[in-house]
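Reviewing the structure listed below.
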There are 2 protein chains.
Amino acid sequence: MIEAERLSSALEDYLETIYELVRHQKVARVRDIARARSVRAASVTPAMRRLADLGLIRYEKREYIDLTPQGQREAQRVVSRHQALTRFFKNVLKIPVKTAEGDACAMEHSLSAEGMDHLVRFIEFVHNCPEGARLLDVFHACVLAQHQPEASCQRCPMGQPGKAEEHRAVPLSAIDVGAQVLVRRIAADGAMRDRLLDAGLLPGEIVEVVRVAPGRVRFDLRRGGFELRLTGDEARAVLVAPPERNP
Amino acid sequence: MIEAERLSSALEDYLETIYELVRHQKVARVRDIARARSVRAASVTPAMRRLADLGLIRYEKREYIDLTPQGQREAQRVVSRHQALTRFFKNVLKIPVKTAEGDACAMEHSLSAEGMDHLVRFIEFVHNCPEGARLLDVFHACVLAQHQPEASCQRCPMGQPGKAEEHRAVPLSAIDVGAQVLVRRIAADGAMRDRLLDAGLLPGEIVEVVRVAPGRVRFDLRRGGFELRLTGDEARAVLVAPPERNP
DNA sequence: ATCACCTGTTAGCCAAGACTAACAAAACCA
DNA sequence: TGGTTTTGTTAGTCTTGGCTAACAGGTGAT
Ligand SMILES: [Mn+2]
Ligand SMILES: [Mn+2]
Ligand SMILES: [Mn+2]
Ligand SMILES: [Mn+2]
């Protein structure tokens, strides 16, 4: 029983797998663990030896595998992180359950205690507070409805004119000559996204609109000393924070 | 220039580091990269060779290191994930900036495209929608104010009686005999948290209150066929969803 | 010109965590 | 009881990504 420095993600996943297996199938065999983790049985054996050395599992050659009390504690820590993160991805971000599980299981090992804690509180808050639930509904309607946010959000104040206007992310195509704006997001996929990011239009960058062609079919920008030229389509895909309107 | 299957997190981080270095210091030397990533220079050289083989950086022995266009594109993808996640942890979850950066830099490699996309939309939404911003303020006041959520949330409907009541997570200590409840969260740290998780009180579990000692100083529960007994303090630390009140 | 220092490279080592192929033990079946 | 199948272990290999120690190339000071 060697002292545990910090469990690697692989070992944490083995522990988690064993936990779920004994929970559901009553016993955990090498074979089950291998299948659950999509590895070969030959990879499981040495992992079991390591976990046994750490005092986290009871493991005798060719016998059923079981968690020690300490291993159980450790496994539960991992599982509860896994569940919380899954809930977040599934219920808040509305990711398909399989992807949500995958993302959760990848993140569960690296998230700081503080990050984890606040995330759990956030999930709880947004689920339990009726107002939070309402907001979440609006968000889901927006996100799920369509992928051009400047056109969506009918139920959300973001879609209304007036006070909300100044908080809204607007397409670069709507910006006037001379304004400096902050890039918020690139609303494009694939080749166009690549091209735009390639040109240095990263979220957080500040760009200035230098010139706009008649009919707004071409936009000349300046970013950090360099000029670049966008087509109208490209400019529509660059979402920016509108410039401050100080009279 | 070999075909890129999928970059490892280590290589993505090297790429990211180079990107930031050329962005800020104009040149990236092995020494700078080593310092930025907290590794020895001897570890950097082979990584550079691999990145060069993948066609992502320009690297001649003992020369300054630079990104190829393809490398730049790849690096920007990583950087923009890094930034989005950092924003989430910092601005939404209110994690200290250093921890936020750490969490973001660990997650940025594993999050699915869909997860990333929805998360970015969520951040945007909650920042741009005035109502979202208000809710976020309430959340921050709750989370930052204190760590016993059943006592906090004065400004939030969660703290008010009436309709909100039924959505609230309540301490197990407030539950009546015979009720079945869903464990939401363990509001305890250290040894007590361990003890409770140890006893199987994981979020998602269903427990039944079997018996309550006079003065509510001891709670007997049943979970999945097993009985367990909690002290009053312990029962107060177990936050549960209250049972449905169907008359 | 030479020496010292800084930087980067090489060689050689290690651990983790996967794999295949070969082998061994149990269980099952006839 | 003896053969067959299932299951698990072992041995040996590979890649990744670290490390230290030794070495090499360049730059500047004396
Ligand atoms: Mn995992
Ligand atoms: Mn997991
Ligand atoms: Mn990273
Ligand atoms: Mn990063």
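Convention: chains lettered A, B, ... in structure tokens order; per-chain residue numbering from 1; ligands numbered from 1 as shown.
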Produce a table with one row for each residue of chain B that has an atom at most 10 Å from any atom of chain C, each row naming the nearest atom pair and its distance in Å at one decimal; use only C-alpha atoms (C1' of nucleotides); arrange rows by chain and rising residue number; format as a tab-separated table.
```
residue	atom	partner	partner_atom	distance
B:Arg29	CA	C:DT7	C1'	9.5
B:Val30	CA	C:DG8	C1'	7.5
B:Arg31	CA	C:DT7	C1'	7.5
B:Ala41	CA	C:DG8	C1'	7.6
B:Ala42	CA	C:DT9	C1'	7.6
B:Val44	CA	C:DG8	C1'	9.8
B:Thr45	CA	C:DT9	C1'	7.5
B:Pro46	CA	C:DT9	C1'	9.6
B:Lys61	CA	C:DG8	C1'	8.3
B:Arg62	CA	C:DG8	C1'	6.3
B:Glu63	CA	C:DG8	C1'	9.6
```
Export of prior selection with N, CA and C atoms as a PDB file, in the first residue's frame:
```
ATOM      1  N   ARG B  29      11.943  31.293 -28.792  1.00  0.00           N
ATOM      2  CA  ARG B  29      13.148  30.491 -28.674  1.00  0.00           C
ATOM      3  C   ARG B  29      12.831  29.283 -27.807  1.00  0.00           C
ATOM      4  N   VAL B  30      13.643  28.257 -27.963  1.00  0.00           N
ATOM      5  CA  VAL B  30      13.476  27.045 -27.167  1.00  0.00           C
ATOM      6  C   VAL B  30      13.400  27.385 -25.687  1.00  0.00           C
ATOM      7  N   ARG B  31      14.279  28.277 -25.287  1.00  0.00           N
ATOM      8  CA  ARG B  31      14.345  28.656 -23.888  1.00  0.00           C
ATOM      9  C   ARG B  31      13.017  29.232 -23.374  1.00  0.00           C
ATOM     10  N   ALA B  41      14.539  22.491 -21.304  1.00  0.00           N
ATOM     11  CA  ALA B  41      14.789  22.760 -22.724  1.00  0.00           C
ATOM     12  C   ALA B  41      14.959  21.456 -23.487  1.00  0.00           C
ATOM     13  N   ALA B  42      15.568  20.478 -22.828  1.00  0.00           N
ATOM     14  CA  ALA B  42      15.808  19.203 -23.509  1.00  0.00           C
ATOM     15  C   ALA B  42      14.507  18.527 -23.921  1.00  0.00           C
ATOM     16  N   VAL B  44      11.917  20.222 -24.997  1.00  0.00           N
ATOM     17  CA  VAL B  44      11.308  21.037 -26.050  1.00  0.00           C
ATOM     18  C   VAL B  44      11.801  20.583 -27.425  1.00  0.00           C
ATOM     19  N   THR B  45      13.094  20.362 -27.538  1.00  0.00           N
ATOM     20  CA  THR B  45      13.666  20.028 -28.848  1.00  0.00           C
ATOM     21  C   THR B  45      12.913  18.904 -29.567  1.00  0.00           C
ATOM     22  N   PRO B  46      12.730  17.737 -28.941  1.00  0.00           N
ATOM     23  CA  PRO B  46      12.010  16.681 -29.662  1.00  0.00           C
ATOM     24  C   PRO B  46      10.573  17.071 -30.008  1.00  0.00           C
ATOM     25  N   LYS B  61      17.430  23.770 -36.779  1.00  0.00           N
ATOM     26  CA  LYS B  61      18.268  23.679 -35.584  1.00  0.00           C
ATOM     27  C   LYS B  61      18.870  25.025 -35.176  1.00  0.00           C
ATOM     28  N   ARG B  62      18.668  25.363 -33.940  1.00  0.00           N
ATOM     29  CA  ARG B  62      19.242  26.579 -33.349  1.00  0.00           C
ATOM     30  C   ARG B  62      18.699  27.879 -33.918  1.00  0.00           C
ATOM     31  N   GLU B  63      17.660  27.799 -34.719  1.00  0.00           N
ATOM     32  CA  GLU B  63      17.068  29.035 -35.241  1.00  0.00           C
ATOM     33  C   GLU B  63      15.802  29.372 -34.460  1.00  0.00           C
TER      34      GLU B  63
END
```
Hey, what's within 10 Å of segment 218-220 of chain B if we count only C-alpha atoms (C1' of nucleotides) and toss same-chain stuff fewer than 5 positions away? As an mmCIF file with C-alpha atoms, in the first residue's frame, please?
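Listed below is the output, selection_22.cif:
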```cif
data_model
loop_
_atom_site.group_PDB
_atom_site.id
_atom_site.type_symbol
_atom_site.label_atom_id
_atom_site.label_comp_id
_atom_site.auth_asym_id
_atom_site.auth_seq_id
_atom_site.Cartn_x
_atom_site.Cartn_y
_atom_site.Cartn_z
ATOM 1 C CA LEU B 172 -32.053 16.171 4.701
ATOM 2 C CA SER B 173 -32.533 17.232 8.295
ATOM 3 C CA ILE B 175 -37.348 15.878 5.731
ATOM 4 C CA VAL B 177 -40.224 10.277 8.227
ATOM 5 C CA GLU B 208 -35.789 7.077 2.358
ATOM 6 C CA VAL B 209 -36.062 8.517 5.814
ATOM 7 C CA VAL B 210 -36.914 5.551 8.030
ATOM 8 C CA ARG B 211 -36.790 6.979 11.498
ATOM 9 C CA VAL B 212 -35.993 10.284 13.191
ATOM 10 C CA ALA B 213 -34.832 10.398 16.773
ATOM 11 C CA GLU B 227 -29.713 1.237 6.389
ATOM 12 C CA LEU B 228 -27.502 3.997 7.645
ATOM 13 C CA ARG B 229 -27.638 6.412 10.503
ATOM 14 C CA LEU B 230 -26.683 10.090 10.391
ATOM 15 C CA THR B 231 -26.175 12.647 13.104
ATOM 16 C CA GLY B 232 -28.049 15.932 12.926
ATOM 17 C CA ASP B 233 -24.975 17.726 11.621
ATOM 18 C CA GLU B 234 -24.513 15.175 8.924
ATOM 19 C CA ALA B 235 -28.152 15.315 7.900
#
```
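Taking only C-alpha atoms (C1' of nucleotides) and all ligand atoms into account, ligand 3 has within 7 Å the residues Ser9, Glu12, Asp13, Cys105, Ala106, Met107, Glu108 and His109 of chain B.
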- request: Around ligand 1, at most 12 Å away and counting only C-alpha atoms (C1' of nucleotides) and all ligand atoms, which residues are there? Put them as a PyMOL selection string, please.
  value: (chain A and resi 7-17+36-37+75+77-83+85-86+100-111) or (chain B and resi 110)
task: Return the neighbours of chain A among the residues of chain D, cut-off 8 Å, counting only C-alpha atoms (C1' of nucleotides), as an MDAnalysis selection string.
output: chainID D and resid 7:9
- request: Just the strand (DSSP E) stuff from segment 9-218 of chain B, please, per backbone DSSP, written as a ChimeraX atom specification.
  value: /B:57-58,66-67,170-171,180-186,206-212,218
Hey, can you spit out that residue selection with C-alpha atoms as a PDB file, in the first residue's frame?
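Result file out28.pdb:
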```pdb
ATOM      1  CA  ILE B  57       6.103  24.959 -37.368  1.00  0.00           C
ATOM      2  CA  ARG B  58       9.177  26.139 -39.191  1.00  0.00           C
ATOM      3  CA  ASP B  66       7.836  30.151 -36.200  1.00  0.00           C
ATOM      4  CA  LEU B  67       4.406  28.817 -37.082  1.00  0.00           C
ATOM      5  CA  VAL B 170     -33.367  21.350   1.278  1.00  0.00           C
ATOM      6  CA  PRO B 171     -31.198  19.749   3.933  1.00  0.00           C
ATOM      7  CA  GLN B 180     -38.203   9.400  -0.319  1.00  0.00           C
ATOM      8  CA  VAL B 181     -35.815  12.061  -1.531  1.00  0.00           C
ATOM      9  CA  LEU B 182     -33.147  12.529  -4.184  1.00  0.00           C
ATOM     10  CA  VAL B 183     -29.668  13.456  -3.015  1.00  0.00           C
ATOM     11  CA  ARG B 184     -28.567  16.680  -4.725  1.00  0.00           C
ATOM     12  CA  ARG B 185     -25.296  17.648  -3.172  1.00  0.00           C
ATOM     13  CA  ILE B 186     -23.117  17.151  -0.120  1.00  0.00           C
ATOM     14  CA  ILE B 206     -32.570   8.012  -3.697  1.00  0.00           C
ATOM     15  CA  VAL B 207     -32.872   7.622   0.059  1.00  0.00           C
ATOM     16  CA  GLU B 208     -35.789   7.077   2.358  1.00  0.00           C
ATOM     17  CA  VAL B 209     -36.062   8.517   5.814  1.00  0.00           C
ATOM     18  CA  VAL B 210     -36.914   5.551   8.030  1.00  0.00           C
ATOM     19  CA  ARG B 211     -36.790   6.979  11.498  1.00  0.00           C
ATOM     20  CA  VAL B 212     -35.993  10.284  13.191  1.00  0.00           C
ATOM     21  CA  ARG B 218     -30.315  11.248  14.625  1.00  0.00           C
TER      22      ARG B 218
END
```
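Atom CA of Pro96 of chain A sits 21.3 Å away from atom CA of Glu20 of chain A.
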Counting only C-alpha atoms, which residues of chain A come no farther than 7 Å from chain B, as a compact mmCIF listing (two decimals) with N, CA, C and O atoms, in the first residue's frame?
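See result_13.txt below for the written result:
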```
# COMPACT_ATOMS: atom_id res chain seq x y z
N GLN A 72 -13.21 3.01 -2.63
CA GLN A 72 -14.60 3.39 -2.78
C GLN A 72 -14.76 4.90 -2.64
O GLN A 72 -15.44 5.54 -3.45
N ARG A 73 -14.08 5.43 -1.65
CA ARG A 73 -14.14 6.88 -1.43
C ARG A 73 -13.60 7.61 -2.66
O ARG A 73 -14.23 8.53 -3.17
N GLN A 76 -15.94 7.33 -5.60
CA GLN A 76 -17.13 8.15 -5.47
C GLN A 76 -16.85 9.60 -5.78
O GLN A 76 -17.68 10.31 -6.34
N SER A 80 -18.90 11.38 -8.66
CA SER A 80 -19.78 12.52 -8.43
C SER A 80 -19.37 13.69 -9.32
O SER A 80 -20.22 14.45 -9.80
N LEU A 93 -26.20 22.79 -21.18
CA LEU A 93 -25.75 23.06 -22.55
C LEU A 93 -26.50 22.23 -23.59
O LEU A 93 -26.29 22.42 -24.78
N ILE A 95 -26.29 19.14 -24.64
CA ILE A 95 -25.47 18.30 -25.50
C ILE A 95 -26.08 16.91 -25.50
O ILE A 95 -26.56 16.47 -24.46
N ASP A 103 -17.50 14.20 -22.78
CA ASP A 103 -16.88 15.44 -22.33
C ASP A 103 -16.68 15.43 -20.82
O ASP A 103 -15.62 15.82 -20.32
N ALA A 106 -13.88 13.21 -19.73
CA ALA A 106 -12.56 13.75 -20.04
C ALA A 106 -12.19 14.86 -19.07
O ALA A 106 -11.04 14.98 -18.64
N MET A 107 -13.17 15.65 -18.68
CA MET A 107 -12.89 16.80 -17.82
C MET A 107 -12.75 16.45 -16.36
O MET A 107 -12.08 17.15 -15.61
N SER A 110 -9.36 16.80 -14.47
CA SER A 110 -8.46 17.96 -14.46
C SER A 110 -9.06 19.20 -13.80
O SER A 110 -8.32 20.12 -13.47
N LEU A 111 -10.36 19.22 -13.62
CA LEU A 111 -10.98 20.44 -13.11
C LEU A 111 -10.57 20.69 -11.66
O LEU A 111 -10.56 19.77 -10.85
N SER A 112 -10.24 21.93 -11.35
CA SER A 112 -9.83 22.28 -9.99
C SER A 112 -10.99 22.13 -9.02
O SER A 112 -12.15 22.15 -9.41
N GLU A 114 -12.04 24.19 -6.91
CA GLU A 114 -12.86 25.41 -6.90
C GLU A 114 -13.77 25.45 -8.13
O GLU A 114 -14.95 25.78 -8.02
N GLY A 115 -13.22 25.11 -9.28
CA GLY A 115 -14.02 25.11 -10.50
C GLY A 115 -15.17 24.14 -10.38
O GLY A 115 -16.32 24.46 -10.71
N HIS A 118 -17.88 25.48 -7.87
CA HIS A 118 -18.71 26.56 -8.40
C HIS A 118 -19.63 26.06 -9.50
O HIS A 118 -20.76 26.51 -9.62
N LEU A 119 -19.11 25.12 -10.29
CA LEU A 119 -19.95 24.59 -11.37
C LEU A 119 -21.16 23.86 -10.79
O LEU A 119 -22.29 24.04 -11.26
N ASN A 128 -32.75 25.12 -9.66
CA ASN A 128 -33.67 25.27 -8.55
C ASN A 128 -34.36 26.62 -8.53
O ASN A 128 -35.51 26.73 -8.11
N CYS A 129 -33.65 27.63 -8.95
CA CYS A 129 -34.24 28.96 -8.97
C CYS A 129 -35.19 29.03 -10.17
O CYS A 129 -34.78 28.82 -11.30
N PRO A 130 -36.47 29.30 -9.90
CA PRO A 130 -37.45 29.31 -11.00
C PRO A 130 -37.06 30.28 -12.10
O PRO A 130 -37.23 30.00 -13.28
N GLY A 132 -34.08 31.16 -12.87
CA GLY A 132 -32.98 30.53 -13.60
C GLY A 132 -33.50 29.53 -14.62
O GLY A 132 -33.04 29.49 -15.76
N LEU A 135 -34.82 31.35 -17.58
CA LEU A 135 -33.73 31.84 -18.42
C LEU A 135 -33.13 30.72 -19.23
O LEU A 135 -32.81 30.86 -20.41
N PRO A 157 -34.72 39.21 -24.47
CA PRO A 157 -34.50 40.65 -24.64
C PRO A 157 -33.40 40.98 -25.65
O PRO A 157 -33.38 42.08 -26.18
N MET A 158 -32.52 40.01 -25.89
CA MET A 158 -31.46 40.26 -26.86
C MET A 158 -32.01 40.59 -28.23
O MET A 158 -31.36 41.24 -29.03
N ALA A 164 -31.45 46.85 -24.77
CA ALA A 164 -30.70 45.63 -24.99
C ALA A 164 -29.67 45.79 -26.11
O ALA A 164 -28.62 45.17 -26.10
N HIS A 167 -25.93 45.88 -25.65
CA HIS A 167 -25.24 44.71 -25.09
C HIS A 167 -25.07 43.61 -26.12
O HIS A 167 -24.42 42.62 -25.84
N ARG A 168 -25.68 43.80 -27.26
CA ARG A 168 -25.80 42.72 -28.21
C ARG A 168 -24.54 42.54 -29.03
O ARG A 168 -23.89 43.50 -29.39
N ASP A 194 -11.96 28.80 -40.75
CA ASP A 194 -10.51 28.72 -40.81
C ASP A 194 -9.93 30.00 -41.40
O ASP A 194 -8.97 30.57 -40.87
N LEU A 197 -10.26 32.94 -38.87
CA LEU A 197 -9.32 32.81 -37.75
C LEU A 197 -7.91 33.02 -38.26
O LEU A 197 -7.07 33.66 -37.62
N ASP A 198 -7.67 32.46 -39.43
CA ASP A 198 -6.39 32.60 -40.09
C ASP A 198 -5.99 34.05 -40.25
O ASP A 198 -4.82 34.41 -40.13
N LEU A 202 -9.54 36.64 -34.05
CA LEU A 202 -9.81 35.82 -32.86
C LEU A 202 -10.70 36.57 -31.90
O LEU A 202 -10.60 37.79 -31.80
N PRO A 203 -11.54 35.86 -31.16
CA PRO A 203 -12.26 36.50 -30.07
C PRO A 203 -11.28 37.23 -29.16
O PRO A 203 -10.24 36.67 -28.80
```
- line: Expressed in Å, the length from atom CA of Gly178 of chain A to atom CA of Glu205 of chain A is 16.1 Å
Interatomic distance, atom C1' of DT5 of chain D to atom CA of Ala47 of chain A (Å, one decimal): 26.0 Å
- request: Pull the helix (DSSP H, G or I) assignments for segment 54-228 of chain B out of DSSP run on the backbone, and list those residues as a ChimeraX atom specification.
  value: /B:69-92,97-107,113-128,130-145,157-159,162-167,172-174,190-198,214-216
